[in-house]
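my_file00.txt, holding compact mmCIF, C-alpha atoms:
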# COMPACT_ATOMS: atom_id res chain seq x y z
CA MET A 1 -0.23 6.34 -27.96
CA ALA A 2 0.13 6.50 -31.76
CA GLU A 3 0.87 9.49 -33.98
CA GLN A 4 0.24 9.46 -37.72
CA SER A 5 2.58 11.36 -40.06
CA ASN A 6 3.09 11.36 -43.84
CA ILE A 7 5.95 8.88 -43.54
CA GLY A 8 4.33 6.48 -41.07
CA SER A 9 3.06 6.11 -37.56
CA VAL A 10 4.95 6.63 -34.32
CA LYS A 11 3.92 4.60 -31.32
CA VAL A 12 5.06 5.16 -27.75
CA SER A 13 4.34 2.16 -25.56
CA ASP A 14 3.03 2.34 -22.00
CA GLU A 15 6.33 0.88 -20.74
CA VAL A 16 8.25 3.80 -22.28
CA ILE A 17 5.95 6.33 -20.63
CA ALA A 18 6.33 4.44 -17.32
CA THR A 19 10.12 4.54 -17.68
CA ILE A 20 10.08 8.30 -18.38
CA ALA A 21 7.90 8.80 -15.29
CA SER A 22 10.16 6.59 -13.19
CA VAL A 23 13.34 8.43 -14.22
CA ALA A 24 11.72 11.84 -13.66
CA ALA A 25 10.46 10.83 -10.21
CA THR A 26 13.77 9.40 -9.01
CA GLN A 27 15.55 12.62 -10.02
CA VAL A 28 13.53 14.58 -7.47
CA ASP A 29 15.58 15.40 -4.38
CA GLY A 30 14.42 13.26 -1.46
CA VAL A 31 13.15 10.29 -3.49
CA VAL A 32 14.91 7.07 -2.49
CA GLY A 33 13.28 4.90 -5.13
CA MET A 34 10.12 3.41 -6.52
CA SER A 35 7.96 1.16 -4.41
CA GLU A 36 6.48 -2.11 -5.52
CA GLY A 37 3.19 -2.82 -3.77
CA ILE A 38 1.33 -6.13 -3.49
CA VAL A 39 -0.69 -5.34 -6.62
CA ASP A 40 2.48 -4.68 -8.61
CA GLY A 41 3.99 -7.93 -7.36
CA ILE A 42 1.04 -9.96 -8.63
CA ALA A 43 1.00 -8.00 -11.91
CA LYS A 44 4.68 -8.80 -12.35
CA ILE A 45 4.03 -12.52 -11.84
CA ILE A 46 1.16 -12.49 -14.33
CA THR A 47 2.89 -10.36 -16.96
CA GLY A 48 6.24 -12.12 -16.53
CA GLY A 49 8.06 -9.16 -15.02
CA GLN A 50 7.06 -6.59 -17.64
CA ALA A 51 5.31 -4.22 -15.24
CA THR A 52 7.40 -1.16 -14.37
CA LYS A 53 8.01 -1.01 -10.65
CA GLY A 54 5.67 1.35 -8.83
CA ILE A 55 4.15 2.96 -11.94
CA LYS A 56 0.69 2.59 -13.39
CA VAL A 57 0.03 4.28 -16.70
CA SER A 58 -3.29 4.92 -18.41
CA VAL A 59 -2.80 6.28 -21.91
CA GLY A 60 -5.40 7.51 -24.39
CA GLU A 61 -4.96 9.00 -27.85
CA GLU A 62 -3.77 12.39 -26.58
CA GLU A 63 -3.87 12.19 -22.79
CA ALA A 64 -2.23 10.19 -20.05
CA ALA A 65 -2.73 9.63 -16.32
CA ILE A 66 0.02 8.31 -14.09
CA ASP A 67 -0.06 6.64 -10.67
CA ILE A 68 3.33 6.51 -9.06
CA SER A 69 4.44 4.85 -5.80
CA VAL A 70 7.65 6.02 -4.18
CA ILE A 71 9.77 5.71 -1.07
CA VAL A 72 11.13 9.00 0.25
CA GLU A 73 14.07 10.00 2.39
CA TYR A 74 13.57 11.02 6.01
CA GLY A 75 14.26 14.69 6.68
CA HIS A 76 12.46 16.20 3.69
CA SER A 77 8.94 17.62 3.56
CA ILE A 78 6.87 14.75 2.17
CA ALA A 79 4.12 17.00 0.80
CA GLU A 80 6.74 19.09 -1.01
CA ILE A 81 8.38 15.97 -2.50
CA GLY A 82 4.95 14.81 -3.68
CA ARG A 83 4.28 18.12 -5.40
CA LYS A 84 7.74 18.14 -7.05
CA ILE A 85 7.25 14.58 -8.33
CA GLN A 86 3.93 15.57 -9.87
CA GLU A 87 5.49 18.54 -11.67
CA CYS A 88 8.60 16.69 -12.85
CA VAL A 89 6.68 13.66 -14.13
CA LYS A 90 4.11 15.85 -15.90
CA ASN A 91 6.79 18.03 -17.54
CA ALA A 92 8.95 15.05 -18.58
CA ILE A 93 6.12 13.10 -20.20
CA GLU A 94 4.62 16.15 -21.92
CA SER A 95 7.94 17.32 -23.33
CA MET A 96 9.16 13.89 -24.44
CA THR A 97 5.99 12.34 -25.83
CA GLY A 98 3.68 15.24 -26.64
CA LEU A 99 0.92 13.65 -24.58
CA ARG A 100 -1.12 15.88 -22.28
CA VAL A 101 -0.81 14.59 -18.72
CA VAL A 102 -4.16 15.08 -17.03
CA GLU A 103 -3.33 13.50 -13.68
CA VAL A 104 -0.28 12.45 -11.69
CA ASN A 105 -1.16 10.67 -8.46
CA VAL A 106 1.71 10.12 -6.06
CA TYR A 107 1.60 7.46 -3.36
CA ILE A 108 4.28 7.73 -0.67
CA GLN A 109 4.73 4.12 0.42
CA GLY A 110 7.65 4.41 2.81
CA VAL A 111 10.16 6.66 4.55
CA HIS A 112 13.83 5.65 4.74
CA LEU A 113 17.04 7.01 6.17
CA ILE A 114 20.15 7.46 4.02
CA GLY A 115 22.46 4.45 4.27
CA GLU A 116 19.69 2.28 5.63
CA LYS A 117 19.10 -1.14 4.10
CA HIS A 118 15.81 -1.66 2.29
CA ASP A 119 14.56 -4.42 4.58
CA GLU A 120 10.77 -4.37 4.83
CA LYS A 121 10.56 -7.52 6.95
CA HIS A 122 12.06 -5.75 9.92
CA GLU A 123 10.08 -2.53 9.68
CA LYS A 124 7.48 -3.45 12.31
CA GLY A 125 8.55 -3.85 15.89
CA ARG A 126 11.88 -2.55 14.80
CA LYS A 127 14.99 -2.69 16.99
CA LEU A 128 16.84 0.60 17.05
CA LYS A 129 20.57 1.05 17.47
CA MET B 1 -4.68 -9.21 -5.93
CA ALA B 2 -6.90 -7.57 -8.50
CA PHE B 3 -6.38 -10.73 -10.54
CA ILE B 4 -7.58 -12.91 -7.65
CA ASN B 5 -10.58 -10.66 -7.13
CA LYS B 6 -11.46 -10.84 -10.84
CA PHE B 7 -10.92 -14.58 -10.86
CA GLY B 8 -13.13 -14.94 -7.78
CA LEU B 9 -15.81 -12.74 -9.35
CA VAL B 10 -15.84 -14.80 -12.56
CA LEU B 11 -15.95 -18.02 -10.53
CA SER B 12 -18.81 -16.74 -8.38
CA VAL B 13 -20.79 -15.67 -11.46
CA LEU B 14 -20.19 -19.05 -13.12
CA LEU B 15 -21.29 -20.84 -9.95
CA LEU B 16 -24.46 -18.75 -9.75
CA LEU B 17 -25.20 -19.42 -13.43
CA VAL B 18 -24.69 -23.18 -12.93
CA LEU B 19 -26.92 -23.19 -9.83
CA GLY B 20 -29.50 -21.04 -11.63
CA THR B 21 -29.48 -23.33 -14.66
CA ALA B 22 -29.84 -26.37 -12.40
CA GLY B 23 -32.79 -24.73 -10.60
CA ILE B 24 -34.48 -23.83 -13.90
CA GLY B 25 -33.80 -27.34 -15.24
CA VAL B 26 -35.28 -29.04 -12.16
CA GLY B 27 -38.23 -26.60 -12.07
CA LEU B 28 -39.13 -27.16 -15.71
CA GLY B 29 -38.65 -30.92 -15.41
CA MET B 30 -35.75 -30.89 -17.84
CA VAL B 31 -33.47 -32.55 -15.32
CA ASP B 32 -34.30 -35.92 -13.81
CA THR B 33 -34.09 -35.29 -10.03
CA ASN B 34 -33.68 -38.99 -9.33
CA LEU B 35 -30.59 -38.94 -11.50
CA VAL B 36 -29.23 -35.94 -9.58
CA PHE B 37 -29.86 -37.60 -6.20
CA THR B 38 -28.33 -40.85 -7.41
CA TYR B 39 -25.25 -38.91 -8.49
CA ILE B 40 -25.00 -37.04 -5.18
CA ASN B 41 -25.58 -40.16 -3.07
CA ASP B 42 -22.69 -42.01 -4.67
CA PRO B 43 -19.93 -42.07 -1.97
CA HIS B 44 -17.23 -41.32 -4.56
CA HIS B 45 -19.14 -38.28 -5.89
CA LYS B 46 -19.75 -37.05 -2.33
CA VAL B 47 -16.00 -36.79 -1.83
CA VAL B 48 -15.63 -34.84 -5.08
CA ILE B 49 -18.51 -32.49 -4.16
CA THR B 50 -16.96 -31.90 -0.70
CA GLN B 51 -13.61 -31.10 -2.30
CA ILE B 52 -15.23 -28.58 -4.66
CA GLY B 53 -17.04 -27.03 -1.68
CA VAL B 54 -13.79 -26.70 0.30
CA LEU B 55 -12.04 -25.19 -2.72
CA LEU B 56 -14.81 -22.59 -3.14
CA TRP B 57 -14.55 -21.75 0.58
CA ILE B 58 -10.79 -21.25 0.29
CA ILE B 59 -11.20 -19.00 -2.74
CA GLY B 60 -13.92 -17.02 -0.94
CA LEU B 61 -11.74 -16.54 2.15
CA LEU B 62 -8.79 -15.55 -0.04
CA ILE B 63 -10.88 -12.88 -1.75
CA ILE B 64 -12.07 -11.51 1.61
CA TYR B 65 -8.49 -11.53 2.93
CA THR B 66 -7.03 -9.75 -0.10
CA SER B 67 -9.84 -7.19 -0.08
CA CYS B 68 -9.01 -6.43 3.56
CA ILE B 69 -5.29 -6.05 2.77
CA LEU B 70 -6.05 -3.75 -0.16
CA SER B 71 -8.41 -1.57 1.86
CA GLN B 72 -5.73 -1.23 4.57
CA GLU B 73 -3.09 -0.47 1.97
CA GLU B 74 -5.23 2.23 0.40
CA LYS B 75 -5.69 4.18 3.65
CA GLY B 76 -3.54 7.25 3.94
CA VAL B 77 -3.19 10.98 4.44
CA ALA B 78 -4.04 12.64 1.13
CA PHE B 79 -4.38 16.03 -0.50
CA ARG B 80 -5.41 16.95 -3.99
CA ASN B 81 -4.13 19.73 -6.25
CA ALA B 82 -4.50 20.70 -9.90
CA ILE B 83 -2.15 17.95 -11.12
CA GLY B 84 -3.56 15.08 -9.06
CA GLU B 85 -3.42 13.49 -5.63
CA VAL B 86 -0.54 13.03 -3.20
CA LYS B 87 -1.18 10.30 -0.69
CA VAL B 88 1.04 9.27 2.19
CA THR B 89 0.14 5.69 3.10
CA ARG B 90 -0.32 4.49 6.68
CA LYS B 91 2.84 2.44 6.39
CA ALA B 92 4.82 5.53 5.35
CA VAL B 93 3.49 7.46 8.35
CA GLU B 94 4.53 4.57 10.61
CA ASP B 95 7.93 4.51 8.89
CA PHE B 96 8.25 8.22 9.55
CA ILE B 97 7.61 7.72 13.29
CA ILE B 98 10.27 4.98 13.37
CA ARG B 99 12.77 7.38 11.78
CA VAL B 100 11.91 10.11 14.31
CA CYS B 101 12.45 7.66 17.17
CA SER B 102 15.68 6.36 15.65
CA GLN B 103 17.18 9.79 16.42
CA GLU B 104 16.60 9.12 20.13
CA PRO B 105 19.50 7.10 21.57
CA ASN B 106 17.47 5.89 24.58
CA ILE B 107 14.81 4.13 22.57
CA ARG B 108 15.76 0.52 22.02
CA ARG B 109 12.70 -0.74 20.19
CA ILE B 110 9.55 0.78 18.68
CA LYS B 111 6.32 -0.51 17.25
CA PRO B 112 4.09 2.31 15.92
CA ARG B 113 0.42 2.07 15.02
CA VAL B 114 -1.35 4.90 13.19
CA THR B 115 -5.07 5.51 12.88
CA ILE B 116 -6.00 7.81 10.00
CA LYS B 117 -9.23 9.80 10.12
CA LYS B 118 -10.51 12.44 7.69
CA LYS B 119 -9.20 15.48 9.57
CA TYR B 120 -6.55 14.10 11.87
CA ILE B 121 -4.35 11.13 12.70
CA LYS B 122 -3.69 9.35 15.97
CA ALA B 123 -0.46 7.56 16.75
CA SER B 124 0.14 4.93 19.38
CA LEU B 125 3.58 3.59 20.10
CA VAL B 126 4.87 0.61 22.01
CA ILE B 127 8.49 1.22 22.93
CA ALA B 128 11.39 -0.19 24.90
CA ILE B 129 13.78 2.31 26.52
CA THR B 130 16.96 2.37 28.54
CA SER B 131 16.80 3.20 32.24
CA ASP B 132 19.37 6.01 32.23
CA ILE B 133 16.78 8.75 31.52
CA PRO B 134 13.90 10.31 33.49
CA VAL B 135 11.16 8.27 31.80
CA THR B 136 8.15 10.58 32.21
CA GLN B 137 9.97 13.65 30.96
CA ALA B 138 11.63 11.79 28.09
CA ILE B 139 8.32 10.33 26.95
CA SER B 140 6.47 13.64 27.01
CA GLU B 141 9.31 15.20 25.01
CA LEU B 142 9.09 12.31 22.56
CA GLN B 143 5.32 12.81 22.19
CA VAL B 144 5.81 16.50 21.35
CA LYS B 145 8.66 15.68 18.95
CA ILE B 146 6.59 13.07 17.10
CA LYS B 147 3.58 15.38 16.82
CA GLU B 148 5.67 18.31 15.56
CA SER B 149 7.75 16.16 13.20
CA LEU B 150 4.67 14.55 11.67
CA GLU B 151 2.93 17.86 11.15
CA ALA B 152 6.05 19.48 9.68
CA GLY B 153 7.39 16.49 7.77
CA ILE B 154 4.18 15.26 6.18
CA GLY B 155 2.88 18.79 5.91
CA MET B 156 -0.83 18.15 5.45
CA VAL B 157 -1.94 16.53 8.64
CA SER B 158 -3.05 17.36 12.16
CA VAL B 159 -1.94 14.96 14.89
CA LYS B 160 -4.65 14.58 17.50
CA SER B 161 -2.81 12.35 19.95
CA VAL B 162 0.38 10.39 20.47
CA GLY B 163 -0.06 7.53 22.90
CA VAL B 164 3.05 5.82 24.21
CA ARG B 165 3.24 2.51 26.00
CA VAL B 166 6.60 1.70 27.50
CA GLU B 167 6.70 -2.05 27.22
CA GLU B 168 10.20 -2.62 28.53
CA ILE B 169 12.91 -0.73 30.37
CA PHE B 170 16.45 -1.96 29.93
CA TYR B 171 18.71 -1.41 32.93
CA THR B 172 21.94 -2.96 34.07
CA GLY B 173 21.00 -6.31 35.46
CA GLY B 174 17.68 -6.97 33.71
CA ARG B 175 14.38 -5.59 32.36
CA LEU B 176 11.18 -4.09 33.76
CA ARG B 177 7.84 -4.18 31.96
CA GLY B 178 4.72 -2.08 31.36
CA VAL B 179 4.14 1.70 31.73
CA GLU B 180 1.59 3.68 29.67
CA TYR B 181 1.46 7.36 28.64
CA ALA B 182 -0.94 9.37 26.48
CA SER B 183 -0.91 12.95 25.25
Go through the file and emit its structure as structure tokens.
Amino acid sequence: MAEQSNIGSVKVSDEVIATIASVAATQVDGVVGMSEGIVDGIAKIITGGQATKGIKVSVGEEEAAIDISVIVEYGHSIAEIGRKIQECVKNAIESMTGLRVVEVNVYIQGVHLIGEKHDEKHEKGRKLK
Amino acid sequence: MAFINKFGLVLSVLLLLVLGTAGIGVGLGMVDTNLVFTYINDPHHKVVITQIGVLLWIIGLLIIYTSCILSQEEKGVAFRNAIGEVKVTRKAVEDFIIRVCSQEPNIRRIKPRVTIKKKYIKASLVIAITSDIPVTQAISELQVKIKESLEAGIGMVSVKSVGVRVEEIFYTGGRLRGVEYAS
């Protein structure tokens, strides 16, 4: 995204928009963190770790669309968290960059309990206490 | 994975172009077929051609495998609103069931499996429990709890059935195996 003024141009990179989205999403009550899928993992290898975890940004001249993957906390309404993330991410990006956010897609990738270790290897066939 | 798919696509197109060019060349007499056969019949070249063939097979299988993983990953319970889409992936639904069961002290182990359809989802669980509870009653209560928790917690889904298979029962002195329930 680039904005032209009398003094010069202002550019906001995709990484900055992804960071804004990430911060806004993690501030929503019930969000444990961002989730890195298989696609993100490969992207990270290819780009040398530049991809922001769990966020995909498509930015045009004036508009942006965001895909965001999160892990939520058990005990909250997942649909409600999804809706809140959409609103918070949209508001944060629009107020901070001036871009119009046309779409925020939220992918809930996992559900965790507070104080639980993030160990995906043991999710299936899990032994309970 | 998208990279592998793109790489595979480019490779496949290149291979088709090479084969097409070879066909056109042979058809128009631009390529000496005797020369081609001599090249292929050389034992050293045969090894190289076999290796290329095996490599192409591996790449093909890898593309099929990754496509399958991606299609599984993409499945989920979704709803759309004015801002965009909210999708709860199959893994998250399975996670959710694990968390519901972790509240039950008599469940020792759980392995959930969720099938997602357009209008409903079906859950099937394989569990191990302790023997100090009335099994039938406890399982039917668990089925109701999972159904209600999923519908309330995810908030945009109807649970058609919750099947439970009790794989093991832990009791003092050993284990018993194999009971099945369905709601």
Quote the spacing between atom CA of Val12 of chain A and atom CA of Thr97 of chain A in Å to one decimal place. 7.5 Å
Could you check how far atom CA of Val13 of chain B sits from atom CA of Asn41 of chain B, in Å to one decimal?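 Between atom CA of Val13 of chain B and atom CA of Asn41 of chain B the gap is 26.3 Å.
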Mind giving me the straight-line distance from atom CA of Ile154 of chain B to atom CA of Ile78 of chain A in Å, one decimal?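 Atom CA of Ile78 of chain A lies at a distance of 4.9 Å from atom CA of Ile154 of chain B.
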Close residues, Val144 of chain B itself excluded, 9 Å, only C-alpha atoms, min 4 positions apart in chain, as JSON, numbers by chain: {"B": [139, 140, 148, 149, 162, 183]}
Distance limit 8 Å, atoms considered: all atoms listed in the file. Which chain B residues sit that close to chain A? Return them as a count of residues only. 30
Give me the residues within 10 Å of Gly60 of chain A as number ranges by chain, counting all atoms listed in the file and dropping any in the same chain fewer than 2 places off. A: 1-2, 57-58, 62-65, 99-100
Could you write out the selected residues, including C-alpha atoms, as a PDB file, keeping the file's coordinate frame?
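This went into again36.pdb:
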ATOM      1  CA  MET A   1      -0.230   6.340 -27.960  1.00  0.00           C
ATOM      2  CA  ALA A   2       0.130   6.500 -31.760  1.00  0.00           C
ATOM      3  CA  VAL A  57       0.030   4.280 -16.700  1.00  0.00           C
ATOM      4  CA  SER A  58      -3.290   4.920 -18.410  1.00  0.00           C
ATOM      5  CA  GLU A  62      -3.770  12.390 -26.580  1.00  0.00           C
ATOM      6  CA  GLU A  63      -3.870  12.190 -22.790  1.00  0.00           C
ATOM      7  CA  ALA A  64      -2.230  10.190 -20.050  1.00  0.00           C
ATOM      8  CA  ALA A  65      -2.730   9.630 -16.320  1.00  0.00           C
ATOM      9  CA  LEU A  99       0.920  13.650 -24.580  1.00  0.00           C
ATOM     10  CA  ARG A 100      -1.120  15.880 -22.280  1.00  0.00           C
TER      11      ARG A 100
END
